[in-house]
>>> print(open('coords.pdb').read())   # PDB, C-alpha atoms
ATOM      1  CA  MET Z   1     101.337 100.848 126.385
ATOM      2  CA  LEU Z   2      99.543 104.175 126.499
ATOM      3  CA  ILE Z   3     100.095 106.402 123.441
ATOM      4  CA  LYS Z   4      98.708 109.923 123.250
ATOM      5  CA  GLN Z   5      99.295 111.969 120.101
ATOM      6  CA  MET Z   6      99.021 115.748 120.425
ATOM      7  CA  VAL Z   7      99.514 118.292 117.649
ATOM      8  CA  VAL Z   8     101.431 121.150 119.237
ATOM      9  CA  GLY Z   9     103.087 124.442 118.395
ATOM     10  CA  GLY Z  10     102.774 126.751 115.441
ATOM     11  CA  MET Z  11     104.370 124.228 113.101
ATOM     12  CA  GLY Z  12     101.998 121.378 113.852
ATOM     13  CA  VAL Z  13     104.437 118.979 115.478
ATOM     14  CA  CYS Z  14     103.062 115.592 116.507
ATOM     15  CA  CYS Z  15     104.102 115.198 120.134
ATOM     16  CA  TYR Z  16     103.634 111.840 121.856
ATOM     17  CA  VAL Z  17     103.188 110.878 125.477
ATOM     18  CA  VAL Z  18     104.103 107.203 125.769
ATOM     19  CA  ALA Z  19     103.640 105.485 129.096
ATOM     20  CA  CYS Z  20     103.404 102.198 130.948
ATOM     21  CA  GLU Z  21      99.829 101.686 132.095
ATOM     22  CA  GLU Z  22     100.983  99.562 135.049
ATOM     23  CA  THR Z  23     103.694 101.736 136.608
ATOM     24  CA  LYS Z  24     102.541 105.100 135.168
ATOM     25  CA  GLU Z  25     106.120 105.853 134.117
ATOM     26  CA  GLY Z  26     106.438 107.472 130.722
ATOM     27  CA  LEU Z  27     108.275 109.688 128.313
ATOM     28  CA  ILE Z  28     107.455 112.567 126.002
ATOM     29  CA  ILE Z  29     108.587 112.535 122.375
ATOM     30  CA  ASP Z  30     109.039 115.859 120.543
ATOM     31  CA  ALA Z  31     107.790 118.468 122.972
ATOM     32  CA  GLY Z  32     107.227 121.150 120.353
ATOM     33  CA  GLY Z  33     104.979 123.567 122.232
ATOM     34  CA  ASN Z  34     101.684 123.607 124.167
ATOM     35  CA  GLU Z  35     103.633 122.606 127.234
ATOM     36  CA  GLU Z  36     100.794 123.263 129.646
ATOM     37  CA  GLU Z  37      98.495 120.990 127.646
ATOM     38  CA  ILE Z  38     101.106 118.229 127.645
ATOM     39  CA  LEU Z  39     101.726 118.589 131.371
ATOM     40  CA  ALA Z  40      97.999 118.676 132.137
ATOM     41  CA  TYR Z  41      97.516 115.395 130.279
ATOM     42  CA  CYS Z  42     100.345 113.799 132.257
ATOM     43  CA  ASP Z  43      98.858 115.086 135.519
ATOM     44  CA  ARG Z  44      95.389 113.780 134.684
ATOM     45  CA  HIS Z  45      96.775 110.314 134.098
ATOM     46  CA  GLY Z  46      99.148 110.387 137.069
ATOM     47  CA  LEU Z  47     102.228 109.920 134.909
ATOM     48  CA  THR Z  48     105.816 110.236 136.052
ATOM     49  CA  ILE Z  49     107.862 111.412 133.074
ATOM     50  CA  ARG Z  50     111.372 110.003 132.932
ATOM     51  CA  TYR Z  51     112.560 111.305 129.564
ATOM     52  CA  ILE Z  52     111.891 114.128 127.126
ATOM     53  CA  VAL Z  53     113.118 112.720 123.827
ATOM     54  CA  GLY Z  54     113.837 114.740 120.707
ATOM     55  CA  THR Z  55     113.706 112.713 117.512
ATOM     56  CA  HIS Z  56     116.000 115.487 116.292
ATOM     57  CA  GLY Z  57     117.142 118.906 117.433
ATOM     58  CA  HIS Z  58     115.148 121.281 115.237
ATOM     59  CA  PRO Z  59     113.569 123.921 117.496
ATOM     60  CA  ASP Z  60     109.996 123.106 116.444
ATOM     61  CA  HIS Z  61     110.464 119.668 118.037
ATOM     62  CA  VAL Z  62     112.333 120.686 121.195
ATOM     63  CA  CYS Z  63     111.138 124.201 122.053
ATOM     64  CA  GLY Z  64     109.093 122.878 124.985
ATOM     65  CA  ASN Z  65     111.939 120.929 126.560
ATOM     66  CA  ALA Z  66     112.993 123.551 129.098
ATOM     67  CA  ARG Z  67     109.488 124.090 130.498
ATOM     68  CA  ILE Z  68     108.691 120.396 130.699
ATOM     69  CA  LYS Z  69     112.026 119.554 132.285
ATOM     70  CA  ALA Z  70     111.448 122.260 134.919
ATOM     71  CA  ALA Z  71     108.028 120.803 135.706
ATOM     72  CA  THR Z  72     108.912 117.104 135.711
ATOM     73  CA  GLY Z  73     112.642 116.792 136.379
ATOM     74  CA  ALA Z  74     112.857 114.438 133.386
ATOM     75  CA  GLN Z  75     116.053 113.989 131.405
ATOM     76  CA  ILE Z  76     116.362 115.557 127.963
ATOM     77  CA  VAL Z  77     117.482 112.950 125.428
ATOM     78  CA  LEU Z  78     119.058 113.462 121.987
ATOM     79  CA  HIS Z  79     121.195 111.327 119.726
ATOM     80  CA  VAL Z  80     124.853 112.124 120.330
ATOM     81  CA  GLU Z  81     125.326 113.541 116.821
ATOM     82  CA  ASP Z  82     122.463 116.010 117.182
ATOM     83  CA  ALA Z  83     123.642 116.958 120.668
ATOM     84  CA  VAL Z  84     126.960 117.981 119.106
ATOM     85  CA  PHE Z  85     125.496 119.504 115.922
ATOM     86  CA  PHE Z  86     122.891 121.674 117.637
ATOM     87  CA  GLY Z  87     125.418 122.678 120.266
ATOM     88  CA  ASP Z  88     127.404 124.529 117.586
ATOM     89  CA  PRO Z  89     126.821 128.297 118.010
ATOM     90  CA  GLN Z  90     126.588 128.838 114.247
ATOM     91  CA  VAL Z  91     123.959 126.131 113.901
ATOM     92  CA  ARG Z  92     121.976 127.540 116.812
ATOM     93  CA  GLU Z  93     122.149 130.990 115.236
ATOM     94  CA  TYR Z  94     120.884 129.665 111.905
ATOM     95  CA  PHE Z  95     117.877 127.899 113.420
ATOM     96  CA  SER Z  96     117.040 130.887 115.602
ATOM     97  CA  MET Z  97     115.349 132.222 112.446
ATOM     98  CA  LEU Z  98     112.413 129.975 113.351
ATOM     99  CA  GLY Z  99     111.773 132.216 116.333
ATOM    100  CA  LEU Z 100     111.622 129.300 118.763
ATOM    101  CA  PRO Z 101     113.829 128.553 121.766
ATOM    102  CA  ALA Z 102     116.472 125.872 121.406
ATOM    103  CA  SER Z 103     116.529 122.976 123.820
ATOM    104  CA  PRO Z 104     118.766 123.058 126.870
ATOM    105  CA  PRO Z 105     121.725 120.677 126.481
ATOM    106  CA  ALA Z 106     120.903 116.977 126.526
ATOM    107  CA  ASP Z 107     121.132 115.239 129.897
ATOM    108  CA  LYS Z 108     121.451 111.892 128.151
ATOM    109  CA  VAL Z 109     122.808 111.125 124.683
ATOM    110  CA  VAL Z 110     121.908 107.919 122.881
ATOM    111  CA  ARG Z 111     123.256 105.883 119.999
ATOM    112  CA  ASP Z 112     121.806 103.397 117.559
ATOM    113  CA  GLY Z 113     120.426 100.299 119.261
ATOM    114  CA  GLU Z 114     120.158 101.732 122.757
ATOM    115  CA  VAL Z 115     116.889 101.225 124.631
ATOM    116  CA  LEU Z 116     114.939 103.813 126.601
ATOM    117  CA  THR Z 117     112.841 102.257 129.371
ATOM    118  CA  ALA Z 118     109.883 103.605 131.305
ATOM    119  CA  GLY Z 119     108.152 100.918 133.322
ATOM    120  CA  THR Z 120     107.301  98.133 130.895
ATOM    121  CA  VAL Z 121     107.806 100.402 127.869
ATOM    122  CA  HIS Z 122     111.033  99.712 125.981
ATOM    123  CA  LEU Z 123     111.817 101.914 122.981
ATOM    124  CA  THR Z 124     114.766 101.016 120.767
ATOM    125  CA  VAL Z 125     116.695 103.900 119.231
ATOM    126  CA  LEU Z 126     117.111 103.657 115.456
ATOM    127  CA  HIS Z 127     119.629 106.185 114.181
ATOM    128  CA  THR Z 128     118.161 107.512 110.920
ATOM    129  CA  PRO Z 129     120.319 110.437 109.769
ATOM    130  CA  GLY Z 130     119.434 112.532 106.758
ATOM    131  CA  HIS Z 131     116.943 115.082 108.049
ATOM    132  CA  THR Z 132     119.562 115.937 110.674
ATOM    133  CA  PRO Z 133     122.858 114.191 111.509
ATOM    134  CA  GLY Z 134     121.431 112.671 114.681
ATOM    135  CA  GLY Z 135     117.854 112.051 113.683
ATOM    136  CA  ILE Z 136     116.288 109.012 115.329
ATOM    137  CA  CYS Z 137     113.165 106.895 115.258
ATOM    138  CA  LEU Z 138     111.935 105.002 118.315
ATOM    139  CA  TYR Z 139     110.640 101.449 117.903
ATOM    140  CA  SER Z 140     108.604  99.184 120.127
ATOM    141  CA  ALA Z 141     106.720  96.600 118.097
ATOM    142  CA  PRO Z 142     104.267  97.266 116.608
ATOM    143  CA  HIS Z 143     104.877 101.014 116.962
ATOM    144  CA  LEU Z 144     107.429 103.310 115.291
ATOM    145  CA  PHE Z 145     107.747 106.963 116.256
ATOM    146  CA  SER Z 146     109.369 108.246 113.094
ATOM    147  CA  GLY Z 147     109.976 111.932 113.791
ATOM    148  CA  ASP Z 148     110.754 113.834 110.599
ATOM    149  CA  THR Z 149     112.409 110.855 108.931
ATOM    150  CA  LEU Z 150     109.157 109.462 107.525
ATOM    151  CA  PHE Z 151     105.675 110.938 107.248
ATOM    152  CA  ALA Z 152     102.433 109.473 105.956
ATOM    153  CA  GLY Z 153     103.040 109.932 102.240
ATOM    154  CA  GLY Z 154     106.249 111.904 102.623
ATOM    155  CA  VAL Z 155     109.786 112.115 103.974
ATOM    156  CA  GLY Z 156     111.726 114.737 105.875
ATOM    157  CA  ARG Z 157     113.205 117.722 104.100
ATOM    158  CA  THR Z 158     116.962 117.823 103.601
ATOM    159  CA  ASP Z 159     117.616 121.433 102.579
ATOM    160  CA  PHE Z 160     118.476 122.682 106.073
ATOM    161  CA  PRO Z 161     122.067 122.566 107.365
ATOM    162  CA  GLY Z 162     122.921 118.994 108.336
ATOM    163  CA  GLY Z 163     120.471 117.493 105.838
ATOM    164  CA  ASP Z 164     121.495 114.856 103.296
ATOM    165  CA  THR Z 165     118.998 113.338 100.861
ATOM    166  CA  ARG Z 166     121.033 110.241 100.029
ATOM    167  CA  GLN Z 167     121.597 109.545 103.710
ATOM    168  CA  LEU Z 168     117.912 110.008 104.505
ATOM    169  CA  MET Z 169     116.810 107.557 101.831
ATOM    170  CA  GLU Z 170     119.384 105.003 102.955
ATOM    171  CA  SER Z 171     118.169 105.379 106.540
ATOM    172  CA  ILE Z 172     114.600 104.702 105.469
ATOM    173  CA  LYS Z 173     115.595 101.760 103.281
ATOM    174  CA  GLN Z 174     117.865 100.087 105.829
ATOM    175  CA  LYS Z 175     116.246 100.931 109.172
ATOM    176  CA  ILE Z 176     112.536 101.493 108.511
ATOM    177  CA  LEU Z 177     111.334  99.530 105.496
ATOM    178  CA  THR Z 178     112.925  96.424 107.008
ATOM    179  CA  LEU Z 179     110.409  96.524 109.875
ATOM    180  CA  PRO Z 180     107.225  94.402 109.695
ATOM    181  CA  ALA Z 181     104.648  95.709 107.222
ATOM    182  CA  ASP Z 182     102.001  96.112 109.943
ATOM    183  CA  THR Z 183     104.211  98.406 112.022
ATOM    184  CA  VAL Z 184     102.246 101.537 112.923
ATOM    185  CA  VAL Z 185     104.060 104.715 111.860
ATOM    186  CA  TRP Z 186     103.522 107.700 114.165
ATOM    187  CA  PRO Z 187     105.044 110.680 112.293
ATOM    188  CA  GLY Z 188     106.565 113.928 113.503
ATOM    189  CA  HIS Z 189     104.025 115.959 111.498
ATOM    190  CA  GLY Z 190     100.626 114.947 110.203
ATOM    191  CA  TYR Z 191     101.114 116.349 106.705
ATOM    192  CA  GLY Z 192      99.644 113.297 104.985
ATOM    193  CA  GLY Z 193      97.782 111.823 107.937
ATOM    194  CA  SER Z 194      98.165 111.286 111.653
ATOM    195  CA  ARG Z 195      99.449 107.729 111.266
ATOM    196  CA  SER Z 196     100.275 105.082 108.682
ATOM    197  CA  THR Z 197     101.931 101.671 108.425
ATOM    198  CA  ILE Z 198     105.216 100.513 106.978
ATOM    199  CA  GLY Z 199     103.347  98.469 104.388
ATOM    200  CA  ASP Z 200     101.270 101.429 103.242
ATOM    201  CA  GLU Z 201     104.341 103.636 102.938
ATOM    202  CA  ALA Z 202     106.326 101.021 101.029
ATOM    203  CA  ARG Z 203     103.459 100.657  98.529
ATOM    204  CA  ASN Z 204     102.166 104.203  98.239
ATOM    205  CA  ASN Z 205     104.651 106.825  99.446
ATOM    206  CA  PRO Z 206     105.684 108.654  96.257
ATOM    207  CA  PHE Z 207     109.169 109.293  97.629
ATOM    208  CA  LEU Z 208     109.740 105.581  98.189
ATOM    209  CA  VAL Z 209     108.063 103.981  95.203
ATOM    210  CA  GLY Z 210     110.200 103.501  92.091
ATOM    211  CA  GLY Z 211     113.531 104.872  91.098
ATOM    212  CA  TRP Z 212     115.053 105.705  94.423
TER     213      TRP Z 212
END
>>> encode(input="coords.pdb", output="structure tokens")
Amino acid sequence: MLIKQMVVGGMGVCCYVVACEETKEGLIIDAGGNEEEILAYCDRHGLTIRYIVGTHGHPDHVCGNARIKAATGAQIVLHVEDAVFFGDPQVREYFSMLGLPASPPADKVVRDGEVLTAGTVHLTVLHTPGHTPGGICLYSAPHLFSGDTLFAGGVGRTDFPGGDTRQLMESIKQKILTLPADTVVWPGHGYGGSRSTIGDEARNNPFLVGGW
């Protein structure tokens, strides 16, 4: 499995191109800007992009969706709850304060446990609400693309509309910390580092250690 991490956009989103090295089919996770750079990478490696997946619907993670869809014909994917939540005109108006374009509507909505496939790559959807109602992580052992649910040394903020601290912590406890300790965590922002492991986060993440 080919994994390329790119830091994109003005908010430093970690975008991922994940692809099958045999078939050259792939997907893009969190297309948060620098679309031409992302597309150029895919072209250089001869990749056919099947999906553009948002780990959640905040504009900093999906502002590149329209351009990349136009260039590749790939389907935009969101969890069903974020597809509904970010389709609300009031929610879209609130997040327009970020000055970034919202994503076009999802072509495909997913739910917990569904699998996205590109060639030999199979990513399982883990619904991890809390940062947003339809936040997801994508898992293919030993890799977890954790979006803004879990960072290296941190967790997603919950003070935006749709956020819920209790729900976020339960998502992490039930869906993420139950994964093998050597699982590689690829976060949605590199605030505390560009990658980590489940074991390191369970031992050292101040939001997860003690009292929660």
>>> resolve_selection(input="coords.pdb", expression="the PyMOL selection byres ((chain Z and resi 139-149) around 8)", output="PyMOL selection string")
chain Z and resi 30+55-56+121-126+128-131+135-138+150-151+155-157+168+172+182-189
>>> write_last_selection(input="coords.pdb", atoms="C-alpha atoms", output="PDB file, in the coordinates of the input")
ATOM      1  CA  ASP Z  30     109.039 115.859 120.543  1.00  0.00           C
ATOM      2  CA  THR Z  55     113.706 112.713 117.512  1.00  0.00           C
ATOM      3  CA  HIS Z  56     116.000 115.487 116.292  1.00  0.00           C
ATOM      4  CA  VAL Z 121     107.806 100.402 127.869  1.00  0.00           C
ATOM      5  CA  HIS Z 122     111.033  99.712 125.981  1.00  0.00           C
ATOM      6  CA  LEU Z 123     111.817 101.914 122.981  1.00  0.00           C
ATOM      7  CA  THR Z 124     114.766 101.016 120.767  1.00  0.00           C
ATOM      8  CA  VAL Z 125     116.695 103.900 119.231  1.00  0.00           C
ATOM      9  CA  LEU Z 126     117.111 103.657 115.456  1.00  0.00           C
ATOM     10  CA  THR Z 128     118.161 107.512 110.920  1.00  0.00           C
ATOM     11  CA  PRO Z 129     120.319 110.437 109.769  1.00  0.00           C
ATOM     12  CA  GLY Z 130     119.434 112.532 106.758  1.00  0.00           C
ATOM     13  CA  HIS Z 131     116.943 115.082 108.049  1.00  0.00           C
ATOM     14  CA  GLY Z 135     117.854 112.051 113.683  1.00  0.00           C
ATOM     15  CA  ILE Z 136     116.288 109.012 115.329  1.00  0.00           C
ATOM     16  CA  CYS Z 137     113.165 106.895 115.258  1.00  0.00           C
ATOM     17  CA  LEU Z 138     111.935 105.002 118.315  1.00  0.00           C
ATOM     18  CA  LEU Z 150     109.157 109.462 107.525  1.00  0.00           C
ATOM     19  CA  PHE Z 151     105.675 110.938 107.248  1.00  0.00           C
ATOM     20  CA  VAL Z 155     109.786 112.115 103.974  1.00  0.00           C
ATOM     21  CA  GLY Z 156     111.726 114.737 105.875  1.00  0.00           C
ATOM     22  CA  ARG Z 157     113.205 117.722 104.100  1.00  0.00           C
ATOM     23  CA  LEU Z 168     117.912 110.008 104.505  1.00  0.00           C
ATOM     24  CA  ILE Z 172     114.600 104.702 105.469  1.00  0.00           C
ATOM     25  CA  ASP Z 182     102.001  96.112 109.943  1.00  0.00           C
ATOM     26  CA  THR Z 183     104.211  98.406 112.022  1.00  0.00           C
ATOM     27  CA  VAL Z 184     102.246 101.537 112.923  1.00  0.00           C
ATOM     28  CA  VAL Z 185     104.060 104.715 111.860  1.00  0.00           C
ATOM     29  CA  TRP Z 186     103.522 107.700 114.165  1.00  0.00           C
ATOM     30  CA  PRO Z 187     105.044 110.680 112.293  1.00  0.00           C
ATOM     31  CA  GLY Z 188     106.565 113.928 113.503  1.00  0.00           C
ATOM     32  CA  HIS Z 189     104.025 115.959 111.498  1.00  0.00           C
TER      33      HIS Z 189
END
>>> atom_distance(input="coords.pdb", atom1="atom CA of Z:Val8", atom2="atom CA of Z:Ala31")
7.8 Å
>>> atom_distance(input="coords.pdb", atom1="atom CA of Z:Gly210", atom2="atom CA of Z:His127")
24.2 Å
>>> atom_distance(input="coords.pdb", atom1="atom CA of Z:Ala118", atom2="atom CA of Z:Ser196")
24.6 Å
>>> resolve_selection(input="coords.pdb", expression="the PyMOL selection byres ((chain Z and resi 106) around 9)", output="VMD selection string")
chain Z and resid 75 to 80 83 103 to 105 107 to 109
>>> closest_residue(input="coords.pdb", among="Z:His58, Z:Lys24, Z:Arg111, Z:Lys173", to="Z:His45", atoms="only C-alpha atoms")
Z:Lys24
>>> residues_around(input="coords.pdb", residues="Z:Arg92", least_positions_apart="3", cutoff="12 Å", atoms="only C-alpha atoms", output="list in words")
Gly57, His58, Pro59, Asp82, Ala83, Val84, Phe85, Phe86, Gly87, Asp88, Pro89, Phe95, Ser96, Met97, Leu98, Gly99, Leu100, Pro101, Ala102, Ser103, Pro104, Pro105 and Pro161 of chain Z
>>> residues_around(input="coords.pdb", residues="Z:Ala181", least_positions_apart="5", cutoff="7 Å", atoms="only C-alpha atoms", output="MDAnalysis selection string")
chainID Z and resid 197:199
>>> axis_aligned_box(input="coords.pdb", around="stretch 172-181 of chain Z", padding_each_side="8 Å", output="AutoDock Vina command-line options")
--center_x 111.3 --center_y 99.6 --center_z 106.6 --size_x 29.2 --size_y 26.3 --size_z 22.6
>>> resolve_selection(input="coords.pdb", expression="the PyMOL selection byres ((chain Z and resi 32) around 8)", output="compact mmCIF listing (two decimals) with C-alpha atoms, in the coordinates of the input")
# COMPACT_ATOMS: atom_id res chain seq x y z
CA VAL Z 8 101.43 121.15 119.24
CA GLY Z 9 103.09 124.44 118.40
CA VAL Z 13 104.44 118.98 115.48
CA CYS Z 14 103.06 115.59 116.51
CA CYS Z 15 104.10 115.20 120.13
CA ASP Z 30 109.04 115.86 120.54
CA ALA Z 31 107.79 118.47 122.97
CA GLY Z 33 104.98 123.57 122.23
CA ASN Z 34 101.68 123.61 124.17
CA GLU Z 35 103.63 122.61 127.23
CA PRO Z 59 113.57 123.92 117.50
CA ASP Z 60 110.00 123.11 116.44
CA HIS Z 61 110.46 119.67 118.04
CA VAL Z 62 112.33 120.69 121.20
CA CYS Z 63 111.14 124.20 122.05
CA GLY Z 64 109.09 122.88 124.98
CA ASN Z 65 111.94 120.93 126.56
>>> residues_around(input="coords.pdb", residues="Z:Glu201", least_positions_apart="4", cutoff="7 Å", atoms="all atoms listed in the file", output="PDB file with C-alpha atoms, keeping the file's coordinate frame")
ATOM      1  CA  ALA Z 152     102.433 109.473 105.956  1.00  0.00           C
ATOM      2  CA  GLY Z 153     103.040 109.932 102.240  1.00  0.00           C
ATOM      3  CA  THR Z 197     101.931 101.671 108.425  1.00  0.00           C
ATOM      4  CA  ASN Z 205     104.651 106.825  99.446  1.00  0.00           C
TER       5      ASN Z 205
END
>>> closest_residue(input="coords.pdb", among="Z:Asp164, Z:Thr48, Z:Gln5, Z:Gly12", to="Z:Ile29", atoms="only C-alpha atoms")
Z:Gln5
>>> residues_around(input="coords.pdb", residues="stretch 41-44 of chain Z", least_positions_apart="2", cutoff="12 Å", atoms="only C-alpha atoms", output="list in words")
Leu2, Ile3, Lys4, Gln5, Met6, Tyr16, Val17, Val18, Ala19, Lys24, Glu25, Gly26, Leu27, Ile28, Asn34, Glu35, Glu36, Glu37, Ile38, Leu39, Gly46, Leu47, Thr48, Ile49, Arg50, Ile68, Ala71 and Thr72 of chain Z
>>> closest_residue(input="coords.pdb", among="Z:Met169, Z:Gln174, Z:Gly190, Z:Thr132", to="Z:Gly54", atoms="all atoms listed in the file")
Z:Thr132
